[in-house]
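Undergrad: Got input02.txt for you, compact mmCIF, C-alpha atoms:
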# COMPACT_ATOMS: atom_id res chain seq x y z
CA MET R 1 -99.26 73.61 77.31
CA GLU R 2 -96.02 74.19 75.57
CA VAL R 3 -93.02 72.93 77.43
CA PHE R 4 -90.36 75.54 77.18
CA LYS R 5 -87.00 75.88 78.77
CA ASP R 6 -85.03 79.04 78.26
CA LEU R 7 -81.39 78.71 79.12
CA LYS R 8 -79.68 81.80 80.55
CA PHE R 9 -75.92 81.68 80.61
CA ASN R 10 -73.54 82.93 83.27
CA ILE R 11 -69.99 82.65 82.06
CA VAL R 12 -67.11 82.14 84.45
CA HIS R 13 -63.67 82.58 82.91
CA LEU R 14 -61.00 80.54 84.64
CA ASN R 15 -57.42 81.72 84.93
CA SER R 16 -56.12 78.35 83.97
CA THR R 17 -56.59 75.70 81.37
CA THR R 18 -57.24 72.93 83.85
CA SER R 19 -60.31 70.79 83.69
CA THR R 20 -63.40 72.93 83.53
CA ASN R 21 -65.50 69.91 84.46
CA ILE R 22 -63.79 69.74 87.86
CA HIS R 23 -64.60 73.41 88.51
CA ALA R 24 -68.19 72.93 87.39
CA HIS R 25 -68.41 69.88 89.62
CA GLN R 26 -67.31 71.76 92.73
CA PHE R 27 -69.59 74.67 91.91
CA VAL R 28 -72.75 72.63 91.42
CA GLU R 29 -72.15 70.78 94.68
CA GLN R 30 -72.35 74.12 96.48
CA ASN R 31 -75.05 75.60 94.25
CA PRO R 32 -77.57 73.00 93.16
CA GLN R 33 -79.63 75.49 91.14
CA SER R 34 -76.93 76.61 88.76
CA GLU R 35 -78.38 75.77 85.38
CA GLY R 36 -76.68 77.73 82.62
CA VAL R 37 -73.42 78.40 84.46
CA VAL R 38 -70.54 78.00 82.03
CA PHE R 39 -66.94 77.47 83.10
CA CYS R 40 -64.57 78.45 80.36
CA ALA R 41 -60.86 77.67 80.36
CA ASP R 42 -58.43 80.49 79.79
CA PHE R 43 -57.77 81.15 76.14
CA GLN R 44 -55.70 83.58 74.19
CA ASP R 45 -57.52 86.10 72.11
CA ARG R 46 -56.59 86.58 68.50
CA GLY R 47 -54.46 89.69 69.14
CA LYS R 48 -51.95 87.99 71.37
CA GLY R 49 -50.88 85.42 68.84
CA GLN R 50 -50.46 87.87 66.03
CA LYS R 51 -47.89 89.99 67.86
CA GLY R 52 -45.24 87.64 66.65
CA SER R 53 -44.91 85.48 69.71
CA LYS R 54 -45.73 81.86 69.45
CA TRP R 55 -48.72 80.39 71.17
CA GLN R 56 -47.69 79.42 74.65
CA SER R 57 -49.89 76.44 75.11
CA ASP R 58 -51.96 74.43 72.77
CA SER R 59 -54.92 74.37 75.09
CA GLY R 60 -55.09 78.18 75.11
CA LEU R 61 -55.81 78.04 71.40
CA ASN R 62 -58.98 76.08 71.80
CA LEU R 63 -62.37 76.38 73.37
CA LEU R 64 -62.79 74.30 76.49
CA LEU R 65 -65.94 74.75 78.51
CA SER R 66 -68.25 73.04 80.94
CA LEU R 67 -71.92 73.87 81.05
CA ILE R 68 -74.17 72.99 83.96
CA LEU R 69 -77.65 71.75 83.04
CA CYS R 70 -80.47 70.77 85.38
CA PRO R 71 -83.09 69.35 83.03
CA GLN R 72 -84.71 67.15 85.71
CA PHE R 73 -84.85 64.33 83.20
CA LYS R 74 -85.63 60.74 83.92
CA VAL R 75 -82.55 58.53 83.70
CA GLN R 76 -83.99 56.80 80.61
CA LYS R 77 -83.75 60.06 78.65
CA ARG R 78 -80.08 60.65 79.41
CA PHE R 79 -78.84 60.15 75.87
CA LEU R 80 -81.03 62.96 74.55
CA ILE R 81 -78.83 65.51 76.31
CA SER R 82 -75.80 64.09 74.55
CA GLN R 83 -77.64 64.24 71.22
CA ALA R 84 -78.75 67.85 71.73
CA VAL R 85 -75.19 68.94 72.58
CA SER R 86 -73.78 67.14 69.53
CA LEU R 87 -76.35 68.86 67.33
CA ALA R 88 -75.54 72.27 68.82
CA LEU R 89 -71.84 71.76 68.05
CA PHE R 90 -72.60 70.46 64.59
CA THR R 91 -74.88 73.40 63.79
CA ALA R 92 -72.49 76.04 65.15
CA LEU R 93 -69.68 74.65 62.98
CA ASP R 94 -71.98 74.34 60.00
CA LYS R 95 -72.91 78.02 60.34
CA LEU R 96 -69.21 78.87 60.48
CA SER R 97 -69.03 77.23 57.00
CA VAL R 98 -67.10 74.12 57.97
CA ASP R 99 -67.69 71.43 55.32
CA GLU R 100 -67.99 67.64 55.56
CA LEU R 101 -69.30 67.69 59.12
CA SER R 102 -70.71 64.65 60.83
CA ILE R 103 -71.40 63.33 64.32
CA LYS R 104 -69.43 60.23 65.10
CA TRP R 105 -71.39 58.09 67.52
CA PRO R 106 -71.79 58.74 70.26
CA ASN R 107 -70.69 62.38 70.38
CA ASP R 108 -67.54 63.34 68.51
CA ILE R 109 -67.74 65.94 65.77
CA LEU R 110 -65.80 65.08 62.64
CA VAL R 111 -64.69 67.01 59.59
CA GLY R 112 -64.30 64.29 56.97
CA SER R 113 -62.58 61.65 59.09
CA LYS R 114 -60.81 64.09 61.44
CA LYS R 115 -62.02 65.03 64.89
CA ILE R 116 -62.62 68.71 65.57
CA ALA R 117 -64.66 68.56 68.78
CA GLY R 118 -65.54 66.19 71.56
CA VAL R 119 -68.05 66.04 74.37
CA LEU R 120 -67.83 64.50 77.84
CA ILE R 121 -70.96 64.49 79.94
CA GLU R 122 -71.10 63.75 83.65
CA ASN R 123 -74.53 63.16 85.12
CA SER R 124 -75.42 63.13 88.76
CA ILE R 125 -78.18 60.60 89.34
CA LYS R 126 -80.34 59.99 92.36
CA GLY R 127 -83.07 57.40 92.11
CA ASN R 128 -84.59 57.72 88.68
CA LEU R 129 -83.74 61.38 88.11
CA ILE R 130 -80.77 63.25 86.71
CA ASN R 131 -80.04 65.98 89.27
CA HIS R 132 -77.67 67.81 87.01
CA SER R 133 -75.50 67.26 83.98
CA ILE R 134 -72.09 68.75 83.46
CA VAL R 135 -71.48 69.04 79.75
CA GLY R 136 -67.79 69.31 78.93
CA ILE R 137 -66.98 70.47 75.41
CA GLY R 138 -63.63 70.73 73.71
CA LEU R 139 -63.48 72.43 70.32
CA ASN R 140 -60.24 72.90 68.41
CA VAL R 141 -60.19 76.52 67.25
CA ASN R 142 -56.73 77.90 66.47
CA GLN R 143 -54.50 74.92 67.06
CA THR R 144 -52.69 74.05 63.84
CA GLU R 145 -50.21 71.43 64.98
CA PHE R 146 -51.18 68.20 66.61
CA LYS R 147 -49.09 65.57 68.30
CA GLU R 148 -48.60 62.36 66.46
CA MET R 149 -51.24 60.59 68.49
CA ASP R 150 -53.74 63.28 67.52
CA ARG R 151 -52.95 63.01 63.85
CA GLU R 152 -56.57 62.50 63.06
CA ALA R 153 -57.47 65.92 64.44
CA THR R 154 -58.26 69.24 62.86
CA SER R 155 -59.30 72.74 63.93
CA LEU R 156 -61.41 75.64 62.75
CA GLN R 157 -58.29 77.48 61.67
CA LEU R 158 -57.10 74.55 59.59
CA GLU R 159 -60.50 74.12 57.99
CA LEU R 160 -61.30 77.80 57.39
CA GLU R 161 -57.71 78.90 56.74
CA ASN R 162 -58.23 81.77 59.11
CA SER R 163 -57.73 82.26 62.83
CA LEU R 164 -60.82 82.92 64.87
CA ASP R 165 -61.59 84.77 68.06
CA VAL R 166 -62.20 82.03 70.63
CA LYS R 167 -64.63 84.27 72.51
CA GLU R 168 -66.73 84.76 69.37
CA VAL R 169 -66.77 81.02 68.79
CA LEU R 170 -67.89 80.55 72.41
CA HIS R 171 -70.90 82.84 71.96
CA PHE R 172 -71.72 81.26 68.64
CA LEU R 173 -71.79 77.85 70.29
CA LEU R 174 -73.79 78.98 73.31
CA LYS R 175 -76.48 80.34 71.00
CA GLU R 176 -76.90 76.90 69.42
CA LEU R 177 -76.80 75.15 72.79
CA LYS R 178 -79.69 77.37 73.89
CA THR R 179 -81.68 76.52 70.76
CA TYR R 180 -81.19 72.76 71.01
CA TYR R 181 -81.71 72.68 74.76
CA SER R 182 -85.08 74.29 74.22
CA LEU R 183 -85.88 71.80 71.45
CA LEU R 184 -85.03 69.00 73.88
CA PHE R 185 -88.18 69.93 75.81
CA SER R 186 -90.47 71.06 73.00
CA ASN R 187 -89.73 68.31 70.48
CA PRO R 188 -87.37 65.53 71.63
CA ASN R 189 -88.29 63.33 68.64
CA ARG R 190 -86.91 66.00 66.36
CA ILE R 191 -83.58 65.85 68.25
CA GLU R 192 -83.38 62.12 67.58
CA GLU R 193 -84.26 62.53 63.89
CA LEU R 194 -81.71 65.28 63.32
CA TYR R 195 -79.02 63.42 65.23
CA ASN R 196 -79.52 60.21 63.26
CA ALA R 197 -79.40 62.03 59.94
CA LYS R 198 -76.04 63.61 60.82
CA LEU R 199 -74.36 60.44 62.03
CA TYR R 200 -71.02 59.53 60.50
CA GLY R 201 -71.65 56.58 58.21
CA PHE R 202 -75.43 56.91 58.31
CA GLY R 203 -77.06 54.71 55.68
CA VAL R 204 -73.86 53.47 54.05
CA SER R 205 -72.14 50.13 54.39
CA LEU R 206 -69.10 50.32 56.67
CA PRO R 207 -66.73 47.80 58.24
CA PHE R 208 -67.05 47.31 62.00
CA GLN R 209 -65.51 44.96 64.51
CA ASP R 210 -67.26 43.19 67.35
CA GLU R 211 -66.41 40.19 69.51
CA ASN R 212 -66.97 37.87 66.55
CA GLY R 213 -64.71 39.66 64.13
CA ILE R 214 -64.96 42.16 61.31
CA PHE R 215 -68.21 42.62 59.44
CA ASN R 216 -69.98 45.09 57.21
CA GLY R 217 -73.10 46.87 58.37
CA ILE R 218 -75.22 49.93 57.80
CA ILE R 219 -75.84 52.48 60.57
CA LYS R 220 -79.58 52.98 60.94
CA GLY R 221 -79.60 55.26 63.97
CA VAL R 222 -79.35 54.97 67.74
CA SER R 223 -81.68 53.49 70.33
CA SER R 224 -83.21 55.61 73.08
CA ILE R 225 -80.39 54.76 75.46
CA GLY R 226 -77.76 55.51 72.85
CA GLU R 227 -76.85 52.12 71.44
CA LEU R 228 -75.78 52.18 67.81
CA GLN R 229 -78.24 50.36 65.57
CA ILE R 230 -76.57 48.53 62.71
CA GLN R 231 -78.20 46.59 59.97
CA ILE R 232 -76.31 43.38 59.29
CA GLY R 233 -77.87 41.38 56.50
CA GLU R 234 -81.56 41.39 57.29
CA ALA R 235 -81.22 41.91 61.03
CA ILE R 236 -80.74 45.11 63.03
CA GLU R 237 -78.42 44.83 66.01
CA ASN R 238 -77.92 47.23 68.90
CA TYR R 239 -74.38 47.87 70.05
CA GLY R 240 -73.01 49.48 73.20
CA ILE R 241 -69.84 51.52 73.10
CA LYS R 242 -67.57 48.74 74.33
CA GLU R 243 -69.07 46.11 72.06
CA LEU R 244 -68.07 47.69 68.78
CA SER R 245 -65.34 49.59 67.01
CA PHE R 246 -65.21 51.27 63.62
CA LYS R 247 -62.72 49.69 61.24
CA ALA R 248 -62.71 52.47 58.64
CA MET Q 249 -74.52 26.95 53.82
CA LYS Q 250 -72.09 29.63 52.72
CA VAL Q 251 -69.28 30.80 55.00
CA SER Q 252 -70.81 34.27 55.12
CA GLU Q 253 -74.13 32.78 56.18
CA ILE Q 254 -72.45 30.84 58.95
CA GLN Q 255 -70.68 33.98 60.12
CA GLU Q 256 -73.93 35.87 60.13
CA LEU Q 257 -75.64 33.06 62.01
CA ILE Q 258 -72.92 33.01 64.66
CA ARG Q 259 -73.22 36.74 65.06
CA PHE Q 260 -76.97 36.53 65.35
CA VAL Q 261 -76.88 33.74 67.91
CA SER Q 262 -74.26 35.43 70.07
CA LYS Q 263 -76.16 38.73 70.08
CA SER Q 264 -79.51 37.12 70.75
CA GLY Q 265 -78.67 35.79 74.21
CA VAL Q 266 -79.52 32.24 73.14
CA THR Q 267 -76.96 29.82 74.53
CA GLU Q 268 -77.17 27.02 72.00
CA VAL Q 269 -78.51 26.54 68.47
CA GLU Q 270 -78.39 23.39 66.40
CA ILE Q 271 -79.35 23.30 62.75
CA GLU Q 272 -79.44 20.14 60.69
CA GLN Q 273 -79.99 20.04 56.95
CA LYS Q 274 -79.57 17.22 54.46
CA ASP Q 275 -75.82 16.83 54.54
CA PHE Q 276 -74.99 19.53 56.95
CA LYS Q 277 -75.12 20.06 60.68
CA ILE Q 278 -74.02 23.04 62.72
CA ASN Q 279 -74.04 23.54 66.46
CA ILE Q 280 -73.35 26.97 67.92
CA LYS Q 281 -72.82 27.39 71.64
CA THR Q 282 -72.23 30.69 73.36
CA PRO Q 283 -70.58 31.21 76.74
CA PRO Q 284 -73.17 31.33 79.54
CA TYR Q 285 -71.90 34.71 80.66
CA ARG Q 286 -71.95 36.90 77.60
CA LYS Q 287 -71.64 40.37 79.10
CA GLY Q 288 -68.35 42.17 78.79
CA LYS Q 289 -67.41 42.29 75.19
CA ILE Q 290 -64.25 43.36 73.48
CA VAL Q 291 -63.10 46.33 75.43
CA ASP Q 292 -62.58 49.32 73.23
CA THR Q 293 -59.42 51.35 73.71
CA PRO Q 294 -59.84 52.49 77.29
CA GLN Q 295 -59.84 56.26 77.40
CA GLN Q 296 -60.66 57.60 80.81
CA VAL Q 297 -60.14 54.60 82.94
CA VAL Q 298 -57.70 51.74 83.04
CA THR Q 299 -59.66 48.59 82.57
CA GLN Q 300 -58.88 46.03 85.20
CA VAL Q 301 -59.58 42.37 85.00
CA LEU Q 302 -60.41 40.67 88.21
CA PRO Q 303 -59.09 37.12 88.10
CA ALA Q 304 -61.87 35.72 90.23
CA GLN Q 305 -64.52 37.10 87.95
CA VAL Q 306 -63.29 36.14 84.53
CA ALA Q 307 -63.95 32.45 84.82
CA GLY Q 308 -67.10 32.70 82.77
CA MET Q 309 -65.76 35.19 80.29
CA GLN Q 310 -62.52 33.55 79.24
CA GLN Q 311 -63.49 33.62 75.61
CA GLN Q 312 -63.53 37.36 75.32
CA ALA Q 313 -60.56 39.32 74.18
CA MET Q 314 -58.98 41.18 77.04
CA PRO Q 315 -57.09 44.43 76.58
CA VAL Q 316 -53.40 43.88 76.36
CA ALA Q 317 -52.67 46.28 79.18
CA ALA Q 318 -55.06 44.64 81.57
CA ALA Q 319 -53.49 44.02 84.95
CA PRO Q 320 -54.86 41.90 87.75
CA ALA Q 321 -56.51 43.96 90.44
CA PRO Q 322 -56.33 43.31 94.13
CA ALA Q 323 -58.78 40.74 95.38
CA PRO Q 324 -62.26 42.15 95.87
CA GLU Q 325 -63.09 43.17 99.40
CA VAL Q 326 -66.48 41.58 99.23
CA LYS Q 327 -66.85 39.06 101.99
CA ALA Q 328 -68.57 35.78 101.34
CA ALA Q 329 -72.22 35.78 102.26
CA PRO Q 330 -72.72 34.19 105.66
CA SER Q 331 -75.06 31.58 104.22
CA LYS Q 332 -74.87 29.13 107.11
CA GLU Q 333 -75.28 31.70 109.84
CA GLU Q 334 -78.05 31.73 112.38
CA SER Q 335 -81.44 33.05 111.46
CA ALA Q 336 -80.65 36.23 113.37
CA GLU Q 337 -78.00 36.93 110.81
CA SER Q 338 -80.30 36.37 107.86
CA LYS Q 339 -82.91 38.56 109.48
CA LYS Q 340 -80.31 41.25 109.74
CA GLU Q 341 -79.48 40.80 106.07
CA ALA Q 342 -83.11 41.03 105.16
CA SER Q 343 -83.17 44.51 106.65
CA TYR Q 344 -80.37 45.66 104.36
CA ILE Q 345 -81.26 48.07 101.60
CA GLU Q 346 -80.12 47.43 98.06
CA ILE Q 347 -78.60 50.13 95.88
CA LYS Q 348 -79.34 49.10 92.32
CA SER Q 349 -77.98 50.19 88.97
CA PRO Q 350 -80.35 52.55 87.15
CA MET Q 351 -78.88 51.55 83.78
CA ILE Q 352 -76.79 49.13 81.78
CA GLY Q 353 -73.16 50.18 81.62
CA THR Q 354 -69.73 49.79 83.20
CA PHE Q 355 -69.40 50.05 86.97
CA TYR Q 356 -66.57 52.11 88.44
CA ARG Q 357 -65.81 52.35 92.13
CA LYS Q 358 -63.33 55.22 91.76
CA PRO Q 359 -63.68 58.71 90.25
CA SER Q 360 -60.44 57.99 88.34
CA PRO Q 361 -57.90 55.16 88.42
CA ASP Q 362 -55.48 57.02 90.72
CA LYS Q 363 -58.15 58.09 93.22
CA ALA Q 364 -59.60 56.28 96.20
CA GLU Q 365 -62.86 54.38 95.98
CA PHE Q 366 -66.05 56.36 96.54
CA VAL Q 367 -67.12 53.92 99.23
CA LYS Q 368 -65.89 50.65 100.71
CA VAL Q 369 -67.28 48.06 103.09
CA GLY Q 370 -67.67 49.55 106.55
CA ASP Q 371 -68.05 53.14 105.34
CA THR Q 372 -70.94 55.16 106.65
CA ILE Q 373 -72.77 56.99 103.91
CA LYS Q 374 -75.53 59.53 103.94
CA GLU Q 375 -78.26 60.23 101.46
CA GLY Q 376 -76.88 62.04 98.44
CA ASP Q 377 -73.34 60.64 98.72
CA THR Q 378 -71.87 59.37 95.48
CA VAL Q 379 -71.30 55.62 95.68
CA CYS Q 380 -70.08 54.80 92.17
CA VAL Q 381 -69.94 55.84 88.53
CA ILE Q 382 -71.66 53.95 85.74
CA GLU Q 383 -70.42 54.73 82.29
CA ALA Q 384 -72.74 54.23 79.36
CA MET Q 385 -72.25 55.57 75.83
CA LYS Q 386 -69.56 58.00 76.99
CA LEU Q 387 -71.87 59.40 79.63
CA PHE Q 388 -70.38 59.23 83.09
CA ASN Q 389 -73.18 58.79 85.58
CA GLU Q 390 -72.46 59.41 89.23
CA ILE Q 391 -74.88 57.40 91.30
CA GLU Q 392 -75.99 59.03 94.54
CA SER Q 393 -77.33 57.03 97.44
CA GLU Q 394 -80.99 57.45 98.32
CA VAL Q 395 -80.39 56.06 101.80
CA SER Q 396 -78.13 56.62 104.77
CA GLY Q 397 -76.35 53.78 106.52
CA LYS Q 398 -73.32 51.56 106.46
CA ILE Q 399 -72.01 49.76 103.39
CA VAL Q 400 -72.04 46.06 104.25
CA LYS Q 401 -71.42 44.58 100.86
CA VAL Q 402 -70.14 45.58 97.43
CA LEU Q 403 -71.56 43.11 94.92
CA VAL Q 404 -69.86 44.19 91.71
CA ASP Q 405 -66.19 44.44 90.88
CA ASP Q 406 -64.61 47.61 89.63
CA SER Q 407 -64.63 48.16 85.84
CA THR Q 408 -67.08 45.38 85.10
CA PRO Q 409 -70.38 45.51 83.19
CA VAL Q 410 -73.64 45.88 85.05
CA GLU Q 411 -77.23 45.38 83.97
CA TYR Q 412 -80.23 47.58 84.62
CA ASP Q 413 -81.54 46.95 88.16
CA GLN Q 414 -78.54 44.86 89.18
CA VAL Q 415 -77.79 45.17 92.90
CA LEU Q 416 -74.53 47.07 93.43
CA PHE Q 417 -74.34 47.61 97.18
CA LEU Q 418 -76.04 46.45 100.35
CA VAL Q 419 -76.55 49.15 102.96
CA ASP Q 420 -77.41 48.59 106.60
CA PRO Q 421 -79.72 51.50 107.45
CA ALA Q 422 -79.18 50.85 111.15
CA GLY Q 423 -75.41 51.05 110.71
Let me see the structure of the file written as structure tokens.

TA:
Amino acid sequence: MEVFKDLKFNIVHLNSTTSTNIHAHQFVEQNPQSEGVVFCADFQDRGKGQKGSKWQSDSGLNLLLSLILCPQFKVQKRFLISQAVSLALFTALDKLSVDELSIKWPNDILVGSKKIAGVLIENSIKGNLINHSIVGIGLNVNQTEFKEMDREATSLQLELENSLDVKEVLHFLLKELKTYYSLLFSNPNRIEELYNAKLYGFGVSLPFQDENGIFNGIIKGVSSIGELQIQIGEAIENYGIKELSFKA
Amino acid sequence: MKVSEIQELIRFVSKSGVTEVEIEQKDFKINIKTPPYRKGKIVDTPQQVVTQVLPAQVAGMQQQAMPVAAAPAPAPEVKAAPSKEESAESKKEASYIEIKSPMIGTFYRKPSPDKAEFVKVGDTIKEGDTVCVIEAMKLFNEIESEVSGKIVKVLVDDSTPVEYDQVLFLVDPAG
């Protein structure tokens, strides 16, 4: 029997740019069966900005959404959801002709060394089962100026030298999320393979820092629970997120 | 032995969970000891949550680098186990239900640093109530209780690492 999960989206546009994850959280508490509901922060369409007025808020330039998923996964498979979402983002941006894309472990999307999108996932767990996941995604679309602390950031507009309709980007992304969510059930091994191959620094020697200091290692992939696997000399070590930082 | 080999050896030993290794060659002897409590590594730049260091708990982890901004937290509310109590008391404790961690990660008692704790000792909880968050690989996992009752003990301090299956809370189902 083929395992198949077809995601149907219901999009809720919020009249604010506040945290979409909080809205999704409240909604799923009231409506446990709300797979596919998407909360999307208010954004300005392309027309508004071109009438001469400046963008009013940076957040209105970007795509911020929270998607509710109810995959009924075992806790052990939690990292697969993160991998599928990263791949959906990667693929959507790739199809929009953004170059030099990679996934920085665990789930940031980079263009070269600059961050263009990030993911924050909140799972609700009871016993050994994930009741629901709230997948928060932030994608820089038309923002062209970043604060000093976000210097290492970029956007679709900066990369493509063209402003984009945030709504179009949203639908583009949802299409890929649907594809990879389905693949999560039909072929989870493929998700892991694709994710590993797109990792920032995959297969090349990079400097890292752990509790013992700086060292060079080669990223080989991630473990099933999401630890980064690094080859150091002859040995392969697994690292959690707080045990390691990139030095490059 | 080259310096790089020694470095690699130290790294290997500390990651392996072995507490002591001694190697002796012709004119060379090296002894590597690791702290007995090796969980809680260098804390990466805290993003969502302010990492707190609980003075009472760091005794075994003094060798790790602590974040500069770390501030001492209030003393944990956990009461000492009534080890010398009458057998009635231990019987009562035996009836307590454990809420365990379903994964390795970092244990958080609050939804965010400026919010109140999900639960504290003495609180009555019902099945499905969120009792804590465990963060692992940038996934924030809200843990819901499978039982109803009264929280009698919190066994882990806020913002500290937990192992798979580690007991987090004791719940008195009769409470």

Undergrad: Give as an NGL selection string every residue of chain R that touches chain Q within 10 Å, counting only C-alpha atoms.

TA: :R and (75-76 or 78-79 or 81-82 or 105-107 or 119-131 or 133-135 or 209-213 or 215 or 225-228 or 232-245)

Undergrad: In Å to one decimal, how far is atom CA of R:Glu176 from atom CA of R:Asn10?

TA: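 Between atom CA of R:Asn10 and atom CA of R:Glu176 the gap works out to 15.5 Å.
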
Undergrad: When you count all atoms listed in the file, which of these residues is closest to Q:Gln414: Q:Glu268, Q:Glu341, Q:Asp362, Q:Glu346?

TA: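 Of the candidates, the smallest distance to Q:Gln414 is held by Q:Glu346.
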
Undergrad: Between atom CA of Q:Asp420 and atom CA of R:Gln30, what is the distance, to one decimal in Å?

TA: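 Spanning atom CA of Q:Asp420 to atom CA of R:Gln30 is a straight-line distance of 27.9 Å.
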
Undergrad: Please measure the separation of atom CA of R:Ser163 and atom CA of R:Asn142, giving the value in Å to one decimal.

TA: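 Spanning atom CA of R:Ser163 to atom CA of R:Asn142 is a straight-line distance of 5.8 Å.
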
Undergrad: At most 10 Å from (-78.4, 27.8, 64.7), file frame, all atoms listed in the file: which residues, as JSON, numbers by chain?

TA: {"Q": [254, 257, 258, 260, 261, 266, 268, 269, 270, 271, 272, 277, 278, 279, 280, 281]}

Undergrad: Using all atoms listed in the file, which protein or nucleic acid residues come within 10 Å of R:Ala84? Drop anything in the same chain fewer than 4 positions from it, and give the result as a list in words.

TA: Phe79, Leu80, Ala88, Leu89, Phe90, Asn107, Glu176, Leu177, Lys178, Thr179, Tyr180, Tyr181, Ser182, Leu183, Leu184, Pro188, Arg190, Ile191, Glu192, Leu194 and Tyr195 of chain R

Undergrad: Which of these residues is nearest to R:Val169, using all atoms listed in the file: R:Ile103, R:Leu96, R:Ile137, R:Leu199?

TA: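 So, comparing all the options, the nearest one is R:Leu96.
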
Undergrad: Would you mind telling me which residue in R:Lys247, R:His132, R:Lys115, R:Lys220 lies nearest to R:Phe202 when using all atoms listed in the file?

TA: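 Smallest distance to R:Phe202 is found for R:Lys220.
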
Undergrad: Restricting the calculation to only C-alpha atoms, which member of R:Ile218, R:Leu67, R:Ala41, R:Val98 is positioned closest to R:Asn162?

TA: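 Checking each of R:Ile218, R:Leu67, R:Ala41, R:Val98 against R:Asn162, counting only C-alpha atoms, the winner is R:Val98.
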
Undergrad: Hey, can you pull every residue with an atom no more than 12 Å from (-70.4, 80.3, 66.7), using all atoms listed in the file, and send it as a VMD selection string?

TA: chain R and resid 63 88 to 98 139 141 156 164 to 177

Undergrad: Return the padded bounding box of stretch 186-192 of chain R as AutoDock Vina command-line options: axis-aligned, built from all atoms listed in the file, 8 Å added on each side, with centre and edge lengths in Å to one decimal.

TA:
--center_x -86.9 --center_y 66.6 --center_z 69.7 --size_x 23.1 --size_y 24.9 --size_z 22.6

Undergrad: Could you model N, CA and C atoms for stretch 199-210 of chain R and present them as a PDB file, in the frame of the given file?

TA:
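Saved the output as rebuild25.pdb:
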ATOM      1  N   LEU R 199     -75.339  61.424  61.563  1.00  0.00           N
ATOM      2  CA  LEU R 199     -74.360  60.440  62.030  1.00  0.00           C
ATOM      3  C   LEU R 199     -73.338  60.091  60.951  1.00  0.00           C
ATOM      4  N   TYR R 200     -72.093  60.002  61.380  1.00  0.00           N
ATOM      5  CA  TYR R 200     -71.020  59.530  60.500  1.00  0.00           C
ATOM      6  C   TYR R 200     -71.364  58.112  60.042  1.00  0.00           C
ATOM      7  N   GLY R 201     -71.386  57.910  58.747  1.00  0.00           N
ATOM      8  CA  GLY R 201     -71.650  56.580  58.210  1.00  0.00           C
ATOM      9  C   GLY R 201     -73.129  56.229  58.111  1.00  0.00           C
ATOM     10  N   PHE R 202     -73.996  57.205  58.339  1.00  0.00           N
ATOM     11  CA  PHE R 202     -75.430  56.910  58.310  1.00  0.00           C
ATOM     12  C   PHE R 202     -75.870  56.391  56.933  1.00  0.00           C
ATOM     13  N   GLY R 203     -76.482  55.228  56.919  1.00  0.00           N
ATOM     14  CA  GLY R 203     -77.060  54.710  55.680  1.00  0.00           C
ATOM     15  C   GLY R 203     -76.094  54.115  54.681  1.00  0.00           C
ATOM     16  N   VAL R 204     -74.802  54.095  54.988  1.00  0.00           N
ATOM     17  CA  VAL R 204     -73.860  53.470  54.050  1.00  0.00           C
ATOM     18  C   VAL R 204     -73.205  52.256  54.697  1.00  0.00           C
ATOM     19  N   SER R 205     -72.750  51.346  53.873  1.00  0.00           N
ATOM     20  CA  SER R 205     -72.140  50.130  54.390  1.00  0.00           C
ATOM     21  C   SER R 205     -70.710  50.406  54.850  1.00  0.00           C
ATOM     22  N   LEU R 206     -70.426  50.068  56.102  1.00  0.00           N
ATOM     23  CA  LEU R 206     -69.100  50.320  56.670  1.00  0.00           C
ATOM     24  C   LEU R 206     -68.590  49.055  57.376  1.00  0.00           C
ATOM     25  N   PRO R 207     -67.255  48.914  57.458  1.00  0.00           N
ATOM     26  CA  PRO R 207     -66.730  47.800  58.240  1.00  0.00           C
ATOM     27  C   PRO R 207     -66.665  48.115  59.742  1.00  0.00           C
ATOM     28  N   PHE R 208     -67.100  47.180  60.545  1.00  0.00           N
ATOM     29  CA  PHE R 208     -67.050  47.310  62.000  1.00  0.00           C
ATOM     30  C   PHE R 208     -66.377  46.060  62.561  1.00  0.00           C
ATOM     31  N   GLN R 209     -66.019  46.152  63.851  1.00  0.00           N
ATOM     32  CA  GLN R 209     -65.510  44.960  64.510  1.00  0.00           C
ATOM     33  C   GLN R 209     -66.248  44.749  65.817  1.00  0.00           C
ATOM     34  N   ASP R 210     -66.695  43.531  66.044  1.00  0.00           N
ATOM     35  CA  ASP R 210     -67.260  43.190  67.350  1.00  0.00           C
ATOM     36  C   ASP R 210     -66.565  41.938  67.854  1.00  0.00           C
TER      37      ASP R 210
END
